[in-house]
$ cat final-v8.txt   # compact mmCIF, C-alpha atoms and all ligand atoms
# COMPACT_ATOMS: atom_id res chain seq x y z
CA MET A 1 81.55 101.11 136.82
CA ASP A 2 80.73 97.59 135.65
CA TYR A 3 80.67 97.48 131.86
CA HIS A 4 79.62 93.82 131.82
CA LEU A 5 82.45 92.63 129.59
CA ASP A 6 82.10 89.06 128.37
CA GLU A 7 84.51 86.33 129.47
CA PHE A 8 86.72 86.71 126.40
CA GLN A 9 87.06 90.44 127.04
CA GLN A 10 87.83 89.98 130.73
CA GLU A 11 90.59 87.52 129.78
CA LEU A 12 91.90 89.95 127.18
CA VAL A 13 92.13 92.80 129.69
CA ALA A 14 93.82 90.50 132.22
CA THR A 15 96.37 89.43 129.60
CA ALA A 16 97.05 93.04 128.57
CA LYS A 17 97.43 94.01 132.22
CA ARG A 18 99.93 91.21 132.82
CA ILE A 19 101.97 92.19 129.77
CA GLY A 20 101.77 95.83 130.84
CA LYS A 21 103.06 95.13 134.34
CA GLU A 22 105.66 92.50 133.52
CA LYS A 23 106.98 93.54 130.11
CA ILE A 24 106.10 97.17 129.38
CA ARG A 25 106.45 98.97 132.72
CA PRO A 26 110.09 97.91 133.24
CA VAL A 27 111.23 99.25 129.84
CA ALA A 28 108.88 102.21 129.18
CA ALA A 29 111.20 104.93 130.55
CA GLU A 30 114.24 103.53 128.75
CA LEU A 31 112.48 103.23 125.37
CA ASP A 32 111.17 106.76 125.87
CA ILE A 33 114.80 107.88 125.86
CA THR A 34 116.19 105.61 123.15
CA GLY A 35 113.14 105.58 120.85
CA GLU A 36 113.90 101.94 120.12
CA PHE A 37 111.03 99.90 118.65
CA PRO A 38 109.99 97.07 121.03
CA TRP A 39 110.03 94.05 118.69
CA ASP A 40 110.22 91.59 121.61
CA ILE A 41 107.00 93.02 123.07
CA VAL A 42 105.31 93.01 119.65
CA LYS A 43 106.07 89.27 119.52
CA ILE A 44 104.25 88.88 122.86
CA PHE A 45 101.29 90.89 121.49
CA ALA A 46 101.22 88.57 118.48
CA ASP A 47 101.41 85.42 120.62
CA SER A 48 98.57 86.81 122.74
CA GLY A 49 96.36 87.05 119.66
CA PHE A 50 95.94 90.83 119.76
CA TYR A 51 96.45 91.30 116.00
CA GLY A 52 93.65 88.91 115.11
CA LEU A 53 90.96 90.70 117.11
CA TRP A 54 89.68 92.88 114.26
CA VAL A 55 90.23 90.33 111.47
CA PRO A 56 87.37 88.03 110.34
CA GLU A 57 87.66 84.37 111.30
CA GLU A 58 87.78 83.17 107.66
CA TYR A 59 91.01 85.18 107.23
CA GLY A 60 92.79 83.98 110.33
CA GLY A 61 91.36 86.33 112.93
CA VAL A 62 88.82 85.85 115.67
CA SER A 63 86.07 88.20 114.36
CA ARG A 64 85.84 90.18 117.55
CA GLY A 65 85.64 93.92 117.10
CA ILE A 66 86.33 97.49 118.06
CA LEU A 67 85.48 97.05 121.74
CA ASP A 68 88.14 94.35 122.07
CA LEU A 69 90.71 96.51 120.27
CA VAL A 70 89.79 99.40 122.55
CA LEU A 71 90.07 97.32 125.74
CA VAL A 72 93.54 96.05 124.84
CA THR A 73 94.77 99.49 123.75
CA GLU A 74 93.43 101.15 126.90
CA GLU A 75 95.08 98.61 129.19
CA LEU A 76 98.45 98.65 127.43
CA SER A 77 98.43 102.47 127.29
CA LYS A 78 98.27 102.65 131.08
CA TYR A 79 101.85 101.40 130.99
CA CYS A 80 103.11 103.09 127.81
CA GLY A 81 101.14 105.10 125.27
CA GLY A 82 103.90 104.55 122.71
CA ILE A 83 104.30 100.80 122.94
CA SER A 84 100.51 100.26 122.82
CA LEU A 85 100.50 101.92 119.41
CA ALA A 86 102.19 98.89 117.89
CA VAL A 87 98.74 97.28 118.19
CA ALA A 88 96.42 100.19 117.37
CA ALA A 89 98.46 101.49 114.41
CA SER A 90 98.51 98.05 112.80
CA ALA A 91 94.72 97.96 113.16
CA LEU A 92 94.57 101.35 111.39
CA GLY A 93 96.75 100.06 108.54
CA THR A 94 94.72 96.85 108.23
CA PHE A 95 91.23 98.40 108.31
CA PRO A 96 91.19 99.54 104.65
CA ILE A 97 91.68 95.88 103.60
CA VAL A 98 89.13 94.58 106.13
CA ILE A 99 86.55 97.25 105.23
CA SER A 100 86.99 97.60 101.46
CA GLY A 101 89.43 94.92 100.26
CA ASN A 102 88.31 92.14 97.88
CA ASP A 103 88.50 88.42 98.74
CA ALA A 104 91.86 87.94 97.02
CA GLN A 105 93.41 90.85 98.94
CA LYS A 106 91.95 89.59 102.20
CA GLU A 107 93.23 86.06 101.56
CA LYS A 108 96.68 87.32 100.63
CA TYR A 109 97.28 89.82 103.44
CA LEU A 110 94.99 89.30 106.41
CA PRO A 111 96.20 85.91 107.73
CA ARG A 112 99.78 87.21 108.15
CA LEU A 113 98.56 90.43 109.73
CA ALA A 114 96.15 88.59 112.03
CA ALA A 115 98.96 86.34 113.24
CA GLY A 116 101.13 89.37 113.93
CA GLU A 117 103.79 87.97 111.58
CA CYS A 118 104.03 91.48 110.17
CA LEU A 119 102.58 94.91 110.94
CA ALA A 120 100.57 97.32 108.84
CA ALA A 121 100.64 101.11 108.48
CA PHE A 122 98.27 103.66 106.97
CA GLY A 123 99.58 106.38 104.64
CA LEU A 124 97.33 109.38 104.10
CA THR A 125 99.08 112.46 105.53
CA GLU A 126 101.47 114.50 103.44
CA ALA A 127 103.62 117.55 104.16
CA ALA A 128 100.97 119.86 102.69
CA ALA A 129 97.90 117.67 103.35
CA GLY A 130 97.20 117.19 107.08
CA SER A 131 93.73 118.27 108.17
CA ASP A 132 92.88 118.90 104.52
CA ALA A 133 93.33 115.26 103.59
CA GLY A 134 91.59 115.81 100.26
CA SER A 135 94.51 117.86 98.94
CA ILE A 136 97.01 114.98 98.74
CA GLN A 137 99.58 115.26 95.96
CA THR A 138 100.95 111.71 95.86
CA ARG A 139 100.13 110.52 92.39
CA ALA A 140 99.16 107.05 91.23
CA GLU A 141 99.25 107.03 87.45
CA LYS A 142 97.70 104.10 85.60
CA LYS A 143 100.09 102.52 83.08
CA GLY A 144 98.73 99.30 81.55
CA ASP A 145 97.91 96.89 84.36
CA LYS A 146 100.03 98.83 86.87
CA TYR A 147 99.92 102.05 88.82
CA VAL A 148 103.06 104.16 89.16
CA LEU A 149 103.30 105.95 92.52
CA ASN A 150 105.22 109.20 93.03
CA GLY A 151 105.14 111.35 96.15
CA ALA A 152 105.75 111.18 99.89
CA LYS A 153 103.75 110.50 103.04
CA VAL A 154 104.84 112.01 106.36
CA PHE A 155 104.41 111.19 110.08
CA ILE A 156 103.51 107.57 109.34
CA THR A 157 103.09 105.49 112.48
CA ASN A 158 104.76 102.07 112.03
CA GLY A 159 106.62 103.66 109.08
CA GLY A 160 109.73 101.68 108.27
CA ILE A 161 108.86 98.74 110.52
CA ALA A 162 105.56 97.69 108.89
CA GLU A 163 105.58 95.28 105.96
CA ILE A 164 102.14 96.20 104.57
CA TYR A 165 101.12 99.80 103.79
CA THR A 166 97.70 101.05 102.79
CA ILE A 167 98.27 104.23 100.84
CA ILE A 168 95.88 106.89 99.59
CA ALA A 169 97.04 108.48 96.33
CA SER A 170 95.48 110.60 93.64
CA THR A 171 94.54 108.80 90.42
CA ASP A 172 92.84 111.90 89.01
CA PRO A 173 93.99 115.24 90.50
CA SER A 174 91.26 117.13 88.62
CA LYS A 175 88.60 115.40 90.73
CA GLY A 176 89.85 116.29 94.23
CA THR A 177 88.47 113.96 96.91
CA ARG A 178 86.65 111.99 94.18
CA GLY A 179 89.95 111.38 92.39
CA ALA A 180 91.78 109.53 95.17
CA SER A 181 92.30 105.75 95.32
CA ALA A 182 93.61 103.34 97.95
CA PHE A 183 96.46 100.89 97.39
CA ILE A 184 98.31 98.13 99.18
CA VAL A 185 102.07 98.60 98.94
CA GLU A 186 104.50 96.05 100.31
CA LYS A 187 107.79 96.99 101.91
CA GLY A 188 110.58 96.12 99.50
CA THR A 189 108.66 97.14 96.38
CA PRO A 190 111.20 98.85 94.06
CA GLY A 191 110.78 102.64 94.25
CA PHE A 192 109.40 102.53 97.80
CA THR A 193 111.87 103.82 100.40
CA PHE A 194 111.83 105.48 103.80
CA GLY A 195 112.81 109.06 104.55
CA LYS A 196 112.96 111.14 107.71
CA LYS A 197 112.59 109.28 110.98
CA GLU A 198 110.81 111.62 113.40
CA ASP A 199 112.24 112.61 116.79
CA LYS A 200 109.03 113.13 118.77
CA MET A 201 107.88 114.84 121.99
CA GLY A 202 106.09 111.68 123.15
CA ILE A 203 105.08 108.14 122.10
CA ARG A 204 108.78 107.73 121.44
CA ALA A 205 108.74 103.92 121.46
CA SER A 206 106.49 104.09 118.41
CA ALA A 207 108.16 104.31 115.00
CA THR A 208 107.22 107.35 112.89
CA GLN A 209 108.81 107.71 109.48
CA GLU A 210 108.34 109.26 106.06
CA LEU A 211 107.38 107.06 103.10
CA ILE A 212 108.82 107.95 99.70
CA PHE A 213 107.53 106.71 96.35
CA GLU A 214 109.65 107.22 93.25
CA ASP A 215 108.28 105.53 90.13
CA CYS A 216 107.04 102.77 92.39
CA GLU A 217 105.07 100.24 90.33
CA ILE A 218 102.06 98.63 92.00
CA PRO A 219 100.00 95.90 90.33
CA GLU A 220 96.41 96.88 89.57
CA GLU A 221 95.16 94.08 91.82
CA ASN A 222 96.58 96.03 94.80
CA ARG A 223 94.04 98.81 94.40
CA ILE A 224 91.51 98.69 97.24
CA GLY A 225 87.99 99.35 96.00
CA ARG A 226 87.26 101.18 92.79
CA GLU A 227 89.30 104.01 91.32
CA GLY A 228 88.14 107.25 92.93
CA GLU A 229 86.95 105.54 96.12
CA GLY A 230 90.12 106.24 98.09
CA PHE A 231 88.81 109.17 100.10
CA PRO A 232 85.70 107.37 101.40
CA VAL A 233 87.91 104.32 102.13
CA ALA A 234 90.18 106.59 104.20
CA MET A 235 87.28 108.25 106.01
CA LYS A 236 85.59 104.90 106.81
CA THR A 237 88.93 103.65 108.09
CA LEU A 238 89.32 106.67 110.37
CA ASP A 239 85.74 106.28 111.64
CA LYS A 240 86.74 102.82 112.86
CA SER A 241 90.22 103.66 114.08
CA ARG A 242 89.53 106.87 116.02
CA PRO A 243 88.08 104.90 118.96
CA GLY A 244 91.55 103.30 119.15
CA VAL A 245 93.08 106.75 119.67
CA ALA A 246 90.42 107.45 122.29
CA ALA A 247 91.44 104.20 123.99
CA GLN A 248 95.09 105.17 123.95
CA ALA A 249 94.18 108.56 125.47
CA LEU A 250 91.94 106.92 128.04
CA GLY A 251 94.64 104.46 129.07
CA ILE A 252 97.22 107.22 129.47
CA GLY A 253 94.79 109.36 131.50
CA SER A 254 93.61 106.45 133.60
CA GLY A 255 97.20 105.35 134.28
CA ALA A 256 98.14 108.89 135.35
CA LEU A 257 95.12 109.05 137.67
CA ASP A 258 96.12 105.78 139.36
CA LEU A 259 99.65 107.08 139.93
CA ALA A 260 98.37 110.44 141.23
CA ILE A 261 96.14 108.69 143.79
CA GLN A 262 99.01 106.48 144.97
CA TYR A 263 101.38 109.42 145.21
CA ALA A 264 98.89 111.68 147.01
CA ALA A 265 98.28 108.92 149.57
CA GLN A 266 101.97 108.57 150.45
CA ARG A 267 103.30 112.12 150.01
CA GLU A 268 103.30 113.99 153.33
CA GLN A 269 103.24 117.76 153.77
CA PHE A 270 102.15 119.80 156.78
CA GLY A 271 102.27 116.60 158.85
CA GLN A 272 99.80 114.52 156.83
CA SER A 273 99.43 112.84 153.48
CA ILE A 274 98.33 115.34 150.85
CA ILE A 275 95.33 113.19 149.87
CA ARG A 276 93.67 114.44 153.07
CA PHE A 277 93.58 117.99 151.68
CA GLN A 278 90.35 119.00 150.01
CA ALA A 279 92.21 120.79 147.20
CA ILE A 280 93.81 117.47 146.18
CA GLN A 281 90.59 115.49 146.71
CA THR A 282 88.71 117.86 144.40
CA MET A 283 91.35 117.46 141.72
CA LEU A 284 91.30 113.66 142.00
CA ALA A 285 87.48 113.57 141.95
CA ASP A 286 87.36 115.69 138.79
CA MET A 287 90.08 113.61 137.14
CA ALA A 288 88.27 110.34 137.95
CA THR A 289 84.92 111.70 136.73
CA LYS A 290 86.43 112.82 133.43
CA VAL A 291 88.22 109.48 132.91
CA GLU A 292 85.04 107.50 133.60
CA SER A 293 82.95 109.66 131.26
CA ALA A 294 85.54 109.14 128.49
CA ARG A 295 85.43 105.39 129.13
CA ALA A 296 81.63 105.23 129.10
CA MET A 297 81.41 107.15 125.82
CA LEU A 298 84.18 105.10 124.22
CA TYR A 299 82.71 101.70 125.15
CA ALA A 300 79.25 102.84 124.01
CA THR A 301 80.73 103.94 120.66
CA ALA A 302 82.63 100.68 120.25
CA ARG A 303 79.43 98.71 120.96
CA THR A 304 77.56 100.87 118.42
CA ILE A 305 80.15 99.98 115.78
CA ASP A 306 80.31 96.29 116.71
CA GLY A 307 76.51 96.15 116.76
CA GLY A 308 76.53 96.80 113.01
CA SER A 309 75.56 100.49 112.82
CA LYS A 310 76.13 101.86 109.34
CA SER A 311 77.03 105.41 110.34
CA PHE A 312 79.12 106.29 113.36
CA SER A 313 81.42 109.13 112.25
CA LYS A 314 79.91 111.53 114.77
CA GLU A 315 80.17 109.10 117.71
CA SER A 316 83.69 108.11 116.72
CA ALA A 317 84.77 111.77 116.56
CA MET A 318 83.04 112.52 119.87
CA CYS A 319 84.78 109.76 121.81
CA LYS A 320 88.16 110.67 120.28
CA VAL A 321 87.85 114.37 121.01
CA TRP A 322 86.63 113.86 124.55
CA ALA A 323 89.10 111.16 125.58
CA ALA A 324 92.03 113.11 124.11
CA ASP A 325 91.07 116.33 125.91
CA VAL A 326 90.51 114.38 129.12
CA ALA A 327 93.91 112.70 128.80
CA MET A 328 95.62 116.07 128.39
CA GLU A 329 93.80 117.59 131.37
CA VAL A 330 94.23 114.58 133.64
CA THR A 331 97.92 114.04 132.90
CA THR A 332 98.58 117.77 133.45
CA ASP A 333 96.78 117.56 136.80
CA ALA A 334 98.72 114.42 137.68
CA VAL A 335 101.98 116.31 137.13
CA GLN A 336 100.57 119.09 139.36
CA ILE A 337 99.78 116.64 142.16
CA PHE A 338 103.30 115.20 141.94
CA GLY A 339 104.58 118.82 142.16
CA GLY A 340 108.29 119.29 141.52
CA TYR A 341 108.78 115.52 141.32
CA GLY A 342 106.15 115.31 138.59
CA TYR A 343 108.20 117.65 136.43
CA MET A 344 111.24 115.40 136.67
CA ARG A 345 111.94 112.43 134.42
CA ASP A 346 112.45 110.21 137.50
CA TYR A 347 108.66 109.87 137.73
CA PRO A 348 106.46 108.59 134.89
CA VAL A 349 103.77 111.30 134.84
CA GLU A 350 105.65 113.85 132.73
CA LYS A 351 106.03 111.17 130.03
CA MET A 352 102.29 110.53 130.22
CA MET A 353 101.63 114.24 129.68
CA ARG A 354 103.92 114.23 126.62
CA ASP A 355 102.36 111.00 125.32
CA ALA A 356 98.82 112.35 125.79
CA LYS A 357 99.43 115.41 123.59
CA ILE A 358 99.54 113.46 120.32
CA THR A 359 96.01 112.11 120.88
CA GLN A 360 94.65 115.65 120.38
CA ILE A 361 96.55 115.88 117.10
CA TYR A 362 96.68 112.69 115.06
CA GLU A 363 94.02 110.72 113.21
CA GLY A 364 92.39 114.12 112.77
CA THR A 365 93.04 117.03 115.12
CA ASN A 366 90.47 117.70 117.79
CA GLN A 367 89.47 120.78 115.80
CA ILE A 368 88.68 118.55 112.80
CA GLN A 369 86.72 116.15 115.03
CA ARG A 370 84.60 119.06 116.25
CA MET A 371 84.02 120.06 112.64
CA VAL A 372 82.89 116.50 111.81
CA ILE A 373 80.55 116.51 114.82
CA ALA A 374 79.11 119.93 113.90
CA ARG A 375 78.53 118.87 110.28
CA HIS A 376 76.50 115.92 111.54
CA LEU A 377 74.53 118.11 113.94
CA ILE A 378 73.65 120.47 111.09
CA LYS A 379 72.57 117.57 108.83
CA GLU A 380 70.50 116.01 111.62
CA ALA A 381 68.81 119.34 112.32
CA GLN A 382 68.04 119.80 108.62
CA ARG A 383 66.54 116.30 108.45
CA ALA A 384 64.43 116.95 111.53
CA SER A 385 62.99 120.24 110.22
N1 LIG A 401 82.58 107.92 105.42
C1 LIG A 401 82.40 107.78 104.10
N2 LIG A 401 82.54 108.80 103.22
C2 LIG A 401 82.86 110.00 103.72
C3 LIG A 401 83.06 110.21 105.08
C4 LIG A 401 82.90 109.12 105.97
N3 LIG A 401 83.08 109.25 107.26
N4 LIG A 401 83.39 111.50 105.28
C5 LIG A 401 83.38 112.09 104.08
N5 LIG A 401 83.07 111.16 103.14
C6 LIG A 401 82.90 111.40 101.70
C7 LIG A 401 81.85 112.48 101.49
O1 LIG A 401 80.55 111.94 101.44
C8 LIG A 401 82.27 113.08 100.18
O2 LIG A 401 81.80 112.28 99.14
P1 LIG A 401 81.11 112.93 97.83
O3 LIG A 401 82.17 113.77 97.17
O4 LIG A 401 80.70 111.76 97.01
O5 LIG A 401 79.98 113.76 98.32
C9 LIG A 401 83.79 112.98 100.20
O6 LIG A 401 84.09 111.93 101.14
C10 LIG A 401 84.46 114.26 100.61
O7 LIG A 401 83.98 114.60 101.90
P2 LIG A 401 84.01 116.09 102.46
O8 LIG A 401 83.40 117.01 101.47
O9 LIG A 401 83.43 116.06 103.83
O10 LIG A 401 85.59 116.37 102.49
P3 LIG A 401 86.44 117.56 103.07
O11 LIG A 401 87.51 117.87 102.11
O12 LIG A 401 85.53 118.68 103.52
O13 LIG A 401 87.18 116.90 104.34
C11 LIG A 401 87.48 116.11 106.57
C12 LIG A 401 86.57 116.27 105.35
C13 LIG A 401 88.06 117.45 107.03
C14 LIG A 401 86.59 115.52 107.65
C15 LIG A 401 88.64 115.14 106.23
O14 LIG A 401 89.54 115.75 105.32
C16 LIG A 401 89.40 114.69 107.48
O15 LIG A 401 88.97 113.78 108.17
N6 LIG A 401 90.55 115.33 107.76
C17 LIG A 401 91.42 114.87 108.79
C18 LIG A 401 92.33 113.85 108.23
C19 LIG A 401 92.93 112.99 109.25
O16 LIG A 401 92.27 112.45 110.12
N7 LIG A 401 94.24 112.84 109.14
C20 LIG A 401 94.96 112.01 109.99
C21 LIG A 401 95.85 111.19 109.15
S1 LIG A 401 95.59 109.53 109.23
S2 LIG A 401 96.52 109.06 110.85
$ encode --input "final-v8.txt" --output "C-alpha cells"
Amino acid sequence: MDYHLDEFQQELVATAKRIGKEKIRPVAAELDITGEFPWDIVKIFADSGFYGLWVPEEYGGVSRGILDLVLVTEELSKYCGGISLAVAASALGTFPIVISGNDAQKEKYLPRLAAGECLAAFGLTEAAAGSDAGSIQTRAEKKGDKYVLNGAKVFITNGGIAEIYTIIASTDPSKGTRGASAFIVEKGTPGFTFGKKEDKMGIRASATQELIFEDCEIPEENRIGREGEGFPVAMKTLDKSRPGVAAQALGIGSGALDLAIQYAAQREQFGQSIIRFQAIQTMLADMATKVESARAMLYATARTIDGGSKSFSKESAMCKVWAADVAMEVTTDAVQIFGGYGYMRDYPVEKMMRDAKITQIYEGTNQIQRMVIARHLIKEAQRAS
C-alpha cells in the first residue's frame, strides 16, 4: 500500500533500513545472547537525527512528529525489536517534558536529548503498581524548595543507561491519582541508584533496570506541571508513546513475514518449494493482511495525533492492541512455517516471537488497552444518546 510519505519520511525510512541492514542485523543474535547495550548503534541513531524527531525546533529538534517516530521504530524493529527500543524508549522518557514541561525545563533538557547526547527513561511502574498505575507508593515529600523522593520503580526501559528520568511519584497519598506529580531526576543525583537488572525473555539488547530512591532530593523546579497533575501527565505521555510500541510490534511482525516468505520460497518438501502449497499460501496471506491492517491503523493514528487532535487515547490504545496481537500471531506463524528450524536459535524467527511478546504487556497490557477503548465507547454512546 502507498501511504504517500513525504520526502523527509522516505529518507528517514531509507536511513533506518540502511542502519538495520548494515549495523543491526549482523549483531542482533549476539546481543540477544549477551544482553549488551548497543552504545555504538545509539551513536549512529543520534548522528542520523532520530532523537530530534519529536522535539520542537526551538529546543534543538526538527518538530516532526509521531508518524516519523513510528516509521523509524517500525523499520529498525524489522532487524531487532530490542535495539530499536533505544529510540522509542527515549521518546517515552522525553514526552512528559515535551508535553507538560515549562520553558526552563525544555531549554535545559531537550537540546541534549534531541541531539542524542543522552537518553531518557520513564518511571511509572512499581512492584505493586503495574496495570493499576494510580496505586504508586513512591513518595515525593515537599521540604522547603525541594522534594524528597523515596521508593522504587521496576522494569524501567533504558534504566541505568539513561541520564534523564521522568518519574511519577505521590505528593499526596490521600488523593490517589489526583495526588501524583511528575519529576525530572538526573542520573547521579545523590540518593538515586539502580537495583535489579532484568534478565528478559526477549528485547534483550534493551536495558531494563530498577530505579531506587532513598532520600533523594530534587529541586522544586524539576517538577513537571502542577502538584497533583502527575497522573494526567503520565496518561498523556502514554497516549503519545503507545503508537511507538505498535510500531515496534509492526516492525517485528513485518520482519518475520518477510523471512517466512523467503524461507517458504526456498524450502523444498515433497519435490517442490513449500510456498506452492495452499496451506502455506493461506498462512502467508493471512499474515500479510494482518500486518497491513496494523500498519494502516497505526499510520492513521499517528497522522491523527500529528494533525493536532486533542483526544486520541482510544485510537492510540487500538493501534497498540492490534499491532501487538498481530505481531504475536504473525511471529508464531513464521516459526511454524520454518518448522523445526524455526524453533532453533540458528534462525532469527524464534527471537522475533520472544521479542513480540513484550508488546502485548508493556506500556499498558493489551487487557488495559481494551479497557481504555471500552471506556471511550461507553462515553461516546452516552454522549450520543
Ligand atoms: N489523558 C489525560 N488524563 C487522563 C487520561 C488521559 N489519557 N486517562 C485518565 N486521565 C485522568 C482522568 O480524567 C482522571 O482524572 P480526574 O480524577 O480529574 O477525573 C484521572 O486521570 C484518573 O483516571 P482513571 O479514573 O481513568 O484512572 P484509573 O485508576 O481507573 O486507571 C488506567 C486508568 C487503568 C487506564 C491507567 O491506570 C493505565 O493506563 N494503566 C496502565 C499503566 C501503564 O500503561 N503502565 C505501563 C507503564 S509505563 S511503560
$ residues_around --input "final-v8.txt" --residues "range 303-315 of chain A" --least-positions-apart "6" --cutoff "7 Å" --atoms "all atoms listed in the file" --output "PyMOL selection string"
chain A and resi 65-67+239+372-373+376
$ closest_residue --input "final-v8.txt" --among "A:Gln262, A:Thr359, A:Thr157, A:Ser131" --to "ligand LIG 401 (chain A)" --atoms "all atoms listed in the file"
A:Ser131
$ closest_atom_pairs --input "final-v8.txt" --of "chain A" --to "ligand LIG 401 (chain A)" --cutoff "7 Å" --atoms "all atoms listed in the file" --output "JSON lines"
{"residue": "A:Phe122", "atom": "CA", "partner": "A:LIG401", "partner_atom": "S1", "distance": 6.8}
{"residue": "A:Gly123", "atom": "CA", "partner": "A:LIG401", "partner_atom": "S1", "distance": 6.8}
{"residue": "A:Leu124", "atom": "CA", "partner": "A:LIG401", "partner_atom": "S1", "distance": 5.4}
{"residue": "A:Thr125", "atom": "CA", "partner": "A:LIG401", "partner_atom": "C21", "distance": 5.0}
{"residue": "A:Gly130", "atom": "CA", "partner": "A:LIG401", "partner_atom": "N7", "distance": 5.7}
{"residue": "A:Ser131", "atom": "CA", "partner": "A:LIG401", "partner_atom": "C17", "distance": 4.2}
{"residue": "A:Asp132", "atom": "CA", "partner": "A:LIG401", "partner_atom": "O14", "distance": 4.7}
{"residue": "A:Ala133", "atom": "CA", "partner": "A:LIG401", "partner_atom": "O14", "distance": 4.2}
{"residue": "A:Gly134", "atom": "CA", "partner": "A:LIG401", "partner_atom": "O11", "distance": 4.9}
{"residue": "A:Thr177", "atom": "CA", "partner": "A:LIG401", "partner_atom": "C10", "distance": 5.5}
{"residue": "A:Arg178", "atom": "CA", "partner": "A:LIG401", "partner_atom": "O3", "distance": 5.7}
{"residue": "A:Phe231", "atom": "CA", "partner": "A:LIG401", "partner_atom": "O6", "distance": 5.6}
{"residue": "A:Pro232", "atom": "CA", "partner": "A:LIG401", "partner_atom": "N2", "distance": 3.9}
{"residue": "A:Val233", "atom": "CA", "partner": "A:LIG401", "partner_atom": "C1", "distance": 6.8}
{"residue": "A:Met235", "atom": "CA", "partner": "A:LIG401", "partner_atom": "C4", "distance": 4.5}
{"residue": "A:Lys236", "atom": "CA", "partner": "A:LIG401", "partner_atom": "N1", "distance": 4.5}
{"residue": "A:Leu238", "atom": "CA", "partner": "A:LIG401", "partner_atom": "O16", "distance": 6.5}
{"residue": "A:Asp239", "atom": "CA", "partner": "A:LIG401", "partner_atom": "N3", "distance": 5.9}
{"residue": "A:Ser313", "atom": "CA", "partner": "A:LIG401", "partner_atom": "N3", "distance": 5.3}
{"residue": "A:Tyr362", "atom": "CA", "partner": "A:LIG401", "partner_atom": "C20", "distance": 5.4}
{"residue": "A:Glu363", "atom": "CA", "partner": "A:LIG401", "partner_atom": "C20", "distance": 3.6}
{"residue": "A:Gly364", "atom": "CA", "partner": "A:LIG401", "partner_atom": "O16", "distance": 3.1}
{"residue": "A:Thr365", "atom": "CA", "partner": "A:LIG401", "partner_atom": "O16", "distance": 6.8}
{"residue": "A:Ile368", "atom": "CA", "partner": "A:LIG401", "partner_atom": "C13", "distance": 5.9}
{"residue": "A:Val372", "atom": "CA", "partner": "A:LIG401", "partner_atom": "C14", "distance": 5.7}
$ atom_distance --input "final-v8.txt" --atom1 "CA of Ala249 in chain A" --atom2 "CA of Asp333 in chain A"
14.7 Å
$ closest_residue --input "final-v8.txt" --among "A:Glu126, A:Glu117, A:Asp103, A:Glu292" --to "Asn222 in chain A" --atoms "all atoms listed in the file"
A:Asp103
$ atom_distance --input "final-v8.txt" --atom1 "CA of Leu110 in chain A" --atom2 "CA of Ser170 in chain A"
24.8 Å
$ residues_around --input "final-v8.txt" --residues "Gly81 in chain A" --least-positions-apart "5" --cutoff "10 Å" --atoms "only C-alpha atoms" --output "ChimeraX atom specification"
/A:28,73-76,86,202-206,245,247-253,255,351-352,354-356,358-359
$ closest_residue --input "final-v8.txt" --among "A:Cys216, A:Ser174, A:Ala16, A:Cys118" --to "Lys146 in chain A" --atoms "only C-alpha atoms"
A:Cys216
$ closest_atom_pairs --input "final-v8.txt" --of "range 44-123 of chain A" --to "range 223-228 of chain A" --cutoff "7 Å" --atoms "all atoms listed in the file" --output "Markdown table"
| residue | atom | partner | partner_atom | distance |
| --- | --- | --- | --- | --- |
| A:Ile97 | CA | A:Ile224 | CA | 7.0 |
| A:Ser100 | CA | A:Gly225 | CA | 5.8 |
| A:Gly101 | CA | A:Ile224 | CA | 5.3 |
$ closest_residue --input "final-v8.txt" --among "A:Glu221, A:Asn158, A:Val148, A:Lys240" --to "Phe194 in chain A" --atoms "all atoms listed in the file"
A:Asn158
$ residues_near_point --input "final-v8.txt" --point "(104.1, 89.8, 125.2)" --cutoff "9 Å" --atoms "only C-alpha atoms" --output "VMD selection string"
chain A and resid 15 to 16 18 to 20 22 to 24 40 to 48
$ write_last_selection --input "final-v8.txt" --atoms "C-alpha atoms" --output "mmCIF file, in the frame of the given file"
data_model
loop_
_atom_site.group_PDB
_atom_site.id
_atom_site.type_symbol
_atom_site.label_atom_id
_atom_site.label_comp_id
_atom_site.auth_asym_id
_atom_site.auth_seq_id
_atom_site.Cartn_x
_atom_site.Cartn_y
_atom_site.Cartn_z
ATOM 1 C CA THR A 15 96.370 89.430 129.600
ATOM 2 C CA ALA A 16 97.050 93.040 128.570
ATOM 3 C CA ARG A 18 99.930 91.210 132.820
ATOM 4 C CA ILE A 19 101.970 92.190 129.770
ATOM 5 C CA GLY A 20 101.770 95.830 130.840
ATOM 6 C CA GLU A 22 105.660 92.500 133.520
ATOM 7 C CA LYS A 23 106.980 93.540 130.110
ATOM 8 C CA ILE A 24 106.100 97.170 129.380
ATOM 9 C CA ASP A 40 110.220 91.590 121.610
ATOM 10 C CA ILE A 41 107.000 93.020 123.070
ATOM 11 C CA VAL A 42 105.310 93.010 119.650
ATOM 12 C CA LYS A 43 106.070 89.270 119.520
ATOM 13 C CA ILE A 44 104.250 88.880 122.860
ATOM 14 C CA PHE A 45 101.290 90.890 121.490
ATOM 15 C CA ALA A 46 101.220 88.570 118.480
ATOM 16 C CA ASP A 47 101.410 85.420 120.620
ATOM 17 C CA SER A 48 98.570 86.810 122.740
#
